[in-house]
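Asker: After the structure tokens below, expect a handful of questions from me.
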Amino acid sequence: MKASVKWIEGMTLEGVANDHKVNIDLDPPAGKATGMSPGEMMGTAILGCKAISFASLAKKYDIDFESLELELEASSKKDGKIEGTHLNRKVYDTMHIIYKIKTSKTKEEMEEFLEIVNGLCIVGNSLHQDIKHSHEIIIL
């Protein structure tokens with residue numbers, strides 16, 4: 001994978017990967033809210049990765065579904081000072097994903113399937129292991 005980010009103005013950036021462009025920005029007062037923040041992009045990337053893994057494996061594992069929606073709730077904490085500065089290092093310490101799935105399968109069957117889905121998601125697997133991960137399944 002190759003990607004690039006170019007500064008536009010203020011806190012506004014343009015990200016590019018495989019000829020796809022995305023705006024990156026912060027909410028006011030720091031930015032103009034013309035795009036997602038880097039943290040929001042990370043959360044969206046995790047959800048997108050898990051949803052694509054889910055959809056790509058569903059047929060192989062006999063998982064029928066009519067709809068799939070994922071939501072992320074994450075919290076961050078201060079993790080000491082950045083060396084040589086007065087600034088605090090911030091890290092995500094919890095991530096809770098809600099899977100809303102319209103399927104004929106049971107929660108138990110979906111739990112087993114999500115173990116496989118989570119193992120395939122490169123974005124989620126690349127995060128620091130100290131983050132407390134949890135999820136919940138809502139069968140629609």
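Residues are referred to by chain and number: the chain letter is A, B, ... according to the order shown in the structure tokens, the number counts from 1 in that chain, and ligands are numbered separately from 1 in the order shown.
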Applying 12 Å and only C-alpha atoms, which residues near Ala17 of chain A remain after dropping the ones on its own chain fewer than 2 positions away? List them as a list in words.
Answerer: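 Counting only the stated atoms, we get Met1, Lys2, Ala3, Ser4, Val5, Lys6, Glu14, Gly15, Asp19, His20, Lys21, Val22 and Asn23 of chain A.
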Asker: Mind dumping the selected residues with N, CA, C and O atoms as an mmCIF file, in the first residue's frame?
Answerer:
data_model
loop_
_atom_site.group_PDB
_atom_site.id
_atom_site.type_symbol
_atom_site.label_atom_id
_atom_site.label_comp_id
_atom_site.auth_asym_id
_atom_site.auth_seq_id
_atom_site.Cartn_x
_atom_site.Cartn_y
_atom_site.Cartn_z
ATOM 1 N N MET A 1 0.845 -1.174 0.000
ATOM 2 C CA MET A 1 0.000 0.000 0.000
ATOM 3 C C MET A 1 0.891 1.237 0.000
ATOM 4 O O MET A 1 1.904 1.278 0.680
ATOM 5 N N LYS A 2 0.476 2.220 -0.755
ATOM 6 C CA LYS A 2 1.113 3.527 -0.738
ATOM 7 C C LYS A 2 0.025 4.559 -0.514
ATOM 8 O O LYS A 2 -1.070 4.447 -1.060
ATOM 9 N N ALA A 3 0.339 5.545 0.294
ATOM 10 C CA ALA A 3 -0.597 6.633 0.566
ATOM 11 C C ALA A 3 0.200 7.906 0.770
ATOM 12 O O ALA A 3 1.402 7.863 1.066
ATOM 13 N N SER A 4 -0.466 9.045 0.595
ATOM 14 C CA SER A 4 0.198 10.326 0.834
ATOM 15 C C SER A 4 -0.804 11.296 1.440
ATOM 16 O O SER A 4 -2.018 11.136 1.296
ATOM 17 N N VAL A 5 -0.269 12.283 2.131
ATOM 18 C CA VAL A 5 -1.075 13.359 2.713
ATOM 19 C C VAL A 5 -0.397 14.665 2.362
ATOM 20 O O VAL A 5 0.829 14.791 2.472
ATOM 21 N N LYS A 6 -1.203 15.627 1.917
ATOM 22 C CA LYS A 6 -0.687 16.946 1.548
ATOM 23 C C LYS A 6 -1.411 17.995 2.376
ATOM 24 O O LYS A 6 -2.632 17.984 2.474
ATOM 25 N N GLU A 14 -5.216 16.815 2.494
ATOM 26 C CA GLU A 14 -5.800 15.949 1.482
ATOM 27 C C GLU A 14 -5.020 14.636 1.502
ATOM 28 O O GLU A 14 -3.799 14.632 1.335
ATOM 29 N N GLY A 15 -5.728 13.539 1.729
ATOM 30 C CA GLY A 15 -5.108 12.227 1.700
ATOM 31 C C GLY A 15 -5.399 11.554 0.374
ATOM 32 O O GLY A 15 -6.490 11.706 -0.174
ATOM 33 N N ASP A 19 -5.410 6.669 -6.087
ATOM 34 C CA ASP A 19 -6.191 7.683 -6.803
ATOM 35 C C ASP A 19 -7.508 8.043 -6.115
ATOM 36 O O ASP A 19 -8.361 8.692 -6.717
ATOM 37 N N HIS A 20 -7.714 7.633 -4.880
ATOM 38 C CA HIS A 20 -8.895 8.031 -4.099
ATOM 39 C C HIS A 20 -8.473 9.134 -3.150
ATOM 40 O O HIS A 20 -7.472 9.015 -2.452
ATOM 41 N N LYS A 21 -9.253 10.215 -3.125
ATOM 42 C CA LYS A 21 -8.922 11.358 -2.283
ATOM 43 C C LYS A 21 -9.890 11.465 -1.111
ATOM 44 O O LYS A 21 -11.066 11.118 -1.229
ATOM 45 N N VAL A 22 -9.372 11.966 -0.004
ATOM 46 C CA VAL A 22 -10.192 12.180 1.186
ATOM 47 C C VAL A 22 -9.696 13.445 1.889
ATOM 48 O O VAL A 22 -8.493 13.706 1.932
ATOM 49 N N ASN A 23 -10.642 14.228 2.404
ATOM 50 C CA ASN A 23 -10.288 15.398 3.206
ATOM 51 C C ASN A 23 -10.075 14.978 4.646
ATOM 52 O O ASN A 23 -10.837 14.171 5.183
#
Asker: Please provide the set of residues having any atom within 9 Å of Ala45 of chain A, restricted to only C-alpha atoms, with same-chain residues fewer than 5 positions apart removed, written as an MDAnalysis selection string.
Answerer: chainID A and resid 40 50 123:124
Asker: Please save all heavy atoms of the selected residues as a compact mmCIF listing (two decimals), in the first residue's frame.
Answerer:
# COMPACT_ATOMS: atom_id res chain seq x y z
N GLU A 40 -11.09 9.80 13.69
CA GLU A 40 -12.32 9.33 13.05
C GLU A 40 -12.01 8.46 11.84
O GLU A 40 -12.70 7.46 11.59
CB GLU A 40 -13.19 10.52 12.63
CG GLU A 40 -13.76 11.28 13.81
CD GLU A 40 -14.32 12.65 13.43
OE1 GLU A 40 -13.93 13.22 12.38
OE2 GLU A 40 -15.16 13.16 14.20
N LYS A 50 -13.45 -4.53 9.11
CA LYS A 50 -14.23 -5.63 9.69
C LYS A 50 -15.46 -5.94 8.84
O LYS A 50 -15.82 -7.10 8.65
CB LYS A 50 -14.60 -5.31 11.13
CG LYS A 50 -13.39 -5.37 12.06
CD LYS A 50 -13.74 -5.11 13.49
CE LYS A 50 -12.51 -5.10 14.36
NZ LYS A 50 -11.94 -6.41 14.61
N VAL A 123 -6.38 -3.97 9.73
CA VAL A 123 -6.37 -2.70 10.46
C VAL A 123 -6.49 -2.95 11.96
O VAL A 123 -5.70 -2.44 12.75
CB VAL A 123 -7.49 -1.76 9.96
CG1 VAL A 123 -7.51 -0.46 10.77
CG2 VAL A 123 -7.33 -1.46 8.48
N GLY A 124 -7.48 -3.73 12.36
CA GLY A 124 -7.65 -4.05 13.77
C GLY A 124 -6.47 -4.81 14.34
O GLY A 124 -6.05 -4.57 15.47
Asker: I'd like the neighbourhood of segment 55-67 of chain A as a list in words, where a residue qualifies if any of its atoms comes within 9 Å (using only C-alpha atoms), though same-chain residues fewer than 6 positions away should be ignored.
Answerer: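 The filter keeps Lys100, Ile101, Lys102, Thr103, Ser104, Lys105, Glu109, Met110, Phe113, Ile116, Val117 and Leu140 of chain A.
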Asker: In Å, rounded to a single decimal, give me how far atom CA of Gly10 of chain A is from atom CA of Thr44 of chain A.
Answerer: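 Atom CA of Gly10 of chain A lies 23.2 Å from atom CA of Thr44 of chain A.
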Asker: Give one line per residue of segment 4-47 of chain A that approaches segment 79-94 of chain A to at most 12 Å, naming the two atoms of the closest pair and their distance in Å to one decimal, counting only C-alpha atoms; sort by chain then ascending residue number and deliver it as CSV.
Answerer:
residue,atom,partner,partner_atom,distance
A:Gly39,CA,A:Tyr92,CA,9.2
A:Glu40,CA,A:Tyr92,CA,11.8
A:Met42,CA,A:Tyr92,CA,10.7
A:Gly43,CA,A:Tyr92,CA,10.5
Asker: Between atom CA of Lys77 of chain A and atom CA of Ser126 of chain A, what is the spacing in Å?
Answerer: 19.2 Å
Asker: Which residue is closest to Glu73 of chain A? Choose from A:Ser134, A:Ser37, A:Thr106, A:Asn18 and count only C-alpha atoms.
Answerer: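 Residue with the minimum atom-to-atom distance to Glu73 of chain A: A:Ser134.
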Asker: At a cut-off of 9 Å, using only C-alpha atoms, what residues contact Met11 of chain A? Leave out same-chain residues fewer than 4 positions from it and give the result as a PyMOL selection string.
Answerer: chain A and resi 7+24-26+30-32
Asker: Let's see if you can do this: from backbone DSSP, list all helix (DSSP H, G or I) residues in segment 84-136 of chain A, as a list in words.
Answerer: Lys107, Glu108, Glu109, Met110, Glu111, Glu112, Phe113, Leu114, Glu115, Ile116, Val117, Asn118, Gly119, Leu120, Ile122, Val123, Gly124 and Asn125 of chain A
Asker: Would you save the residues from that selection as a short mmCIF file (atom, residue, chain, number, x, y, z; two decimals), in the first residue's frame, using all heavy atoms?
Answerer:
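Output file selection.cif is given in full below:
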data_model
loop_
_atom_site.label_atom_id
_atom_site.label_comp_id
_atom_site.auth_asym_id
_atom_site.auth_seq_id
_atom_site.Cartn_x
_atom_site.Cartn_y
_atom_site.Cartn_z
N LYS A 107 -26.89 -15.55 17.95
CA LYS A 107 -25.77 -14.76 18.48
C LYS A 107 -24.54 -15.63 18.66
O LYS A 107 -23.42 -15.20 18.40
CB LYS A 107 -26.16 -14.14 19.83
CG LYS A 107 -26.61 -12.72 19.74
CD LYS A 107 -26.70 -12.11 21.12
CE LYS A 107 -27.13 -10.66 20.98
NZ LYS A 107 -27.27 -10.00 22.26
N GLU A 108 -24.74 -16.86 19.12
CA GLU A 108 -23.62 -17.77 19.34
C GLU A 108 -22.91 -18.08 18.02
O GLU A 108 -21.67 -18.10 17.95
CB GLU A 108 -24.09 -19.07 20.01
CG GLU A 108 -24.59 -18.90 21.43
CD GLU A 108 -25.98 -18.27 21.54
OE1 GLU A 108 -26.78 -18.34 20.57
OE2 GLU A 108 -26.26 -17.66 22.58
N GLU A 109 -23.67 -18.32 16.97
CA GLU A 109 -23.07 -18.57 15.65
C GLU A 109 -22.32 -17.34 15.15
O GLU A 109 -21.24 -17.46 14.57
CB GLU A 109 -24.15 -18.98 14.64
CG GLU A 109 -24.74 -20.35 14.91
CD GLU A 109 -25.97 -20.65 14.07
OE1 GLU A 109 -26.85 -19.76 13.95
OE2 GLU A 109 -26.05 -21.77 13.53
N MET A 110 -22.89 -16.17 15.41
CA MET A 110 -22.23 -14.94 14.98
C MET A 110 -20.96 -14.69 15.78
O MET A 110 -19.96 -14.20 15.25
CB MET A 110 -23.19 -13.75 15.08
CG MET A 110 -24.38 -13.85 14.12
SD MET A 110 -23.95 -14.26 12.41
CE MET A 110 -22.84 -12.95 12.01
N GLU A 111 -20.95 -15.02 17.07
CA GLU A 111 -19.75 -14.87 17.90
C GLU A 111 -18.60 -15.70 17.31
O GLU A 111 -17.47 -15.22 17.19
CB GLU A 111 -20.00 -15.31 19.35
CG GLU A 111 -20.84 -14.36 20.16
CD GLU A 111 -20.08 -13.10 20.60
OE1 GLU A 111 -18.87 -12.97 20.34
OE2 GLU A 111 -20.75 -12.24 21.20
N GLU A 112 -18.89 -16.94 16.95
CA GLU A 112 -17.88 -17.81 16.35
C GLU A 112 -17.37 -17.22 15.04
O GLU A 112 -16.17 -17.22 14.77
CB GLU A 112 -18.44 -19.21 16.12
CG GLU A 112 -18.65 -20.01 17.38
CD GLU A 112 -19.24 -21.39 17.11
OE1 GLU A 112 -19.12 -21.89 15.98
OE2 GLU A 112 -19.84 -21.94 18.04
N PHE A 113 -18.29 -16.74 14.21
CA PHE A 113 -17.91 -16.18 12.92
C PHE A 113 -17.08 -14.91 13.10
O PHE A 113 -16.09 -14.70 12.37
CB PHE A 113 -19.17 -15.89 12.09
CG PHE A 113 -18.89 -15.31 10.73
CD1 PHE A 113 -18.12 -16.00 9.81
CD2 PHE A 113 -19.39 -14.07 10.38
CE1 PHE A 113 -17.84 -15.47 8.55
CE2 PHE A 113 -19.12 -13.52 9.13
CZ PHE A 113 -18.35 -14.23 8.22
N LEU A 114 -17.41 -14.08 14.08
CA LEU A 114 -16.66 -12.84 14.29
C LEU A 114 -15.23 -13.09 14.74
O LEU A 114 -14.35 -12.26 14.49
CB LEU A 114 -17.38 -11.93 15.29
CG LEU A 114 -18.63 -11.25 14.73
CD1 LEU A 114 -19.27 -10.37 15.79
CD2 LEU A 114 -18.34 -10.44 13.48
N GLU A 115 -14.96 -14.22 15.36
CA GLU A 115 -13.57 -14.57 15.70
C GLU A 115 -12.74 -14.67 14.42
O GLU A 115 -11.60 -14.22 14.37
CB GLU A 115 -13.52 -15.90 16.47
CG GLU A 115 -14.01 -15.81 17.89
CD GLU A 115 -13.10 -14.96 18.77
OE1 GLU A 115 -11.86 -15.03 18.61
OE2 GLU A 115 -13.63 -14.22 19.62
N ILE A 116 -13.33 -15.27 13.40
CA ILE A 116 -12.64 -15.41 12.11
C ILE A 116 -12.52 -14.05 11.43
O ILE A 116 -11.46 -13.68 10.93
CB ILE A 116 -13.40 -16.41 11.21
CG1 ILE A 116 -13.44 -17.78 11.89
CG2 ILE A 116 -12.77 -16.50 9.83
CD1 ILE A 116 -14.46 -18.74 11.31
N VAL A 117 -13.62 -13.30 11.42
CA VAL A 117 -13.63 -11.96 10.81
C VAL A 117 -12.55 -11.08 11.44
O VAL A 117 -11.76 -10.43 10.74
CB VAL A 117 -15.02 -11.30 10.96
CG1 VAL A 117 -14.98 -9.81 10.64
CG2 VAL A 117 -16.04 -12.01 10.08
N ASN A 118 -12.49 -11.07 12.76
CA ASN A 118 -11.51 -10.24 13.46
C ASN A 118 -10.08 -10.65 13.14
O ASN A 118 -9.18 -9.82 13.07
CB ASN A 118 -11.75 -10.27 14.97
CG ASN A 118 -13.02 -9.53 15.35
OD1 ASN A 118 -13.46 -8.64 14.65
ND2 ASN A 118 -13.63 -9.93 16.45
N GLY A 119 -9.86 -11.94 12.94
CA GLY A 119 -8.53 -12.43 12.60
C GLY A 119 -8.08 -11.99 11.22
O GLY A 119 -6.88 -11.90 10.94
N LEU A 120 -9.03 -11.70 10.33
CA LEU A 120 -8.70 -11.30 8.96
C LEU A 120 -8.49 -9.80 8.82
O LEU A 120 -7.82 -9.35 7.88
CB LEU A 120 -9.82 -11.75 8.01
CG LEU A 120 -9.60 -11.55 6.52
CD1 LEU A 120 -8.40 -12.37 6.04
CD2 LEU A 120 -10.84 -11.95 5.74
N ILE A 122 -6.82 -6.60 8.91
CA ILE A 122 -5.45 -6.12 9.08
C ILE A 122 -5.39 -4.82 9.88
O ILE A 122 -4.46 -4.60 10.64
CB ILE A 122 -4.75 -5.98 7.71
CG1 ILE A 122 -3.25 -5.72 7.90
CG2 ILE A 122 -5.41 -4.89 6.87
CD1 ILE A 122 -2.47 -5.78 6.61
N VAL A 123 -6.38 -3.97 9.73
CA VAL A 123 -6.37 -2.70 10.46
C VAL A 123 -6.49 -2.95 11.96
O VAL A 123 -5.70 -2.44 12.75
CB VAL A 123 -7.49 -1.76 9.96
CG1 VAL A 123 -7.51 -0.46 10.77
CG2 VAL A 123 -7.33 -1.46 8.48
N GLY A 124 -7.48 -3.73 12.36
CA GLY A 124 -7.65 -4.05 13.77
C GLY A 124 -6.47 -4.81 14.34
O GLY A 124 -6.05 -4.57 15.47
N ASN A 125 -5.90 -5.71 13.55
CA ASN A 125 -4.76 -6.51 14.01
C ASN A 125 -3.50 -5.67 14.16
O ASN A 125 -2.56 -6.08 14.83
CB ASN A 125 -4.49 -7.67 13.04
CG ASN A 125 -5.60 -8.69 13.06
OD1 ASN A 125 -6.37 -8.78 14.01
ND2 ASN A 125 -5.71 -9.44 11.99
#
Asker: Please determine, counting only C-alpha atoms, which residue among A:Leu127, A:Cys121, A:Met41, A:Ile98 has the shortest atom-to-atom distance to Leu68 of chain A.
Answerer: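 Comparing A:Leu127, A:Cys121, A:Met41, A:Ile98 against Leu68 of chain A, the winner is A:Ile98.
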Asker: Just how far from atom CA of Leu70 of chain A is atom CA of Glu136 of chain A, in Å to one decimal?
Answerer: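 Separation of atom CA of Glu136 of chain A and atom CA of Leu70 of chain A: 10.0 Å.
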Asker: Pick out each residue of chain A that DSSP on the backbone tags as strand (DSSP E or B); I need them as an MDAnalysis selection string.
Answerer: chainID A and resid 4:9 12:17 20:24 36 67:81 88:102 132:139
Asker: Nearest to Ala51 of chain A among A:Glu71, A:Asp27, A:Glu9, A:Asp130, with distances taken over only C-alpha atoms: which residue is it?
Answerer: A:Glu71
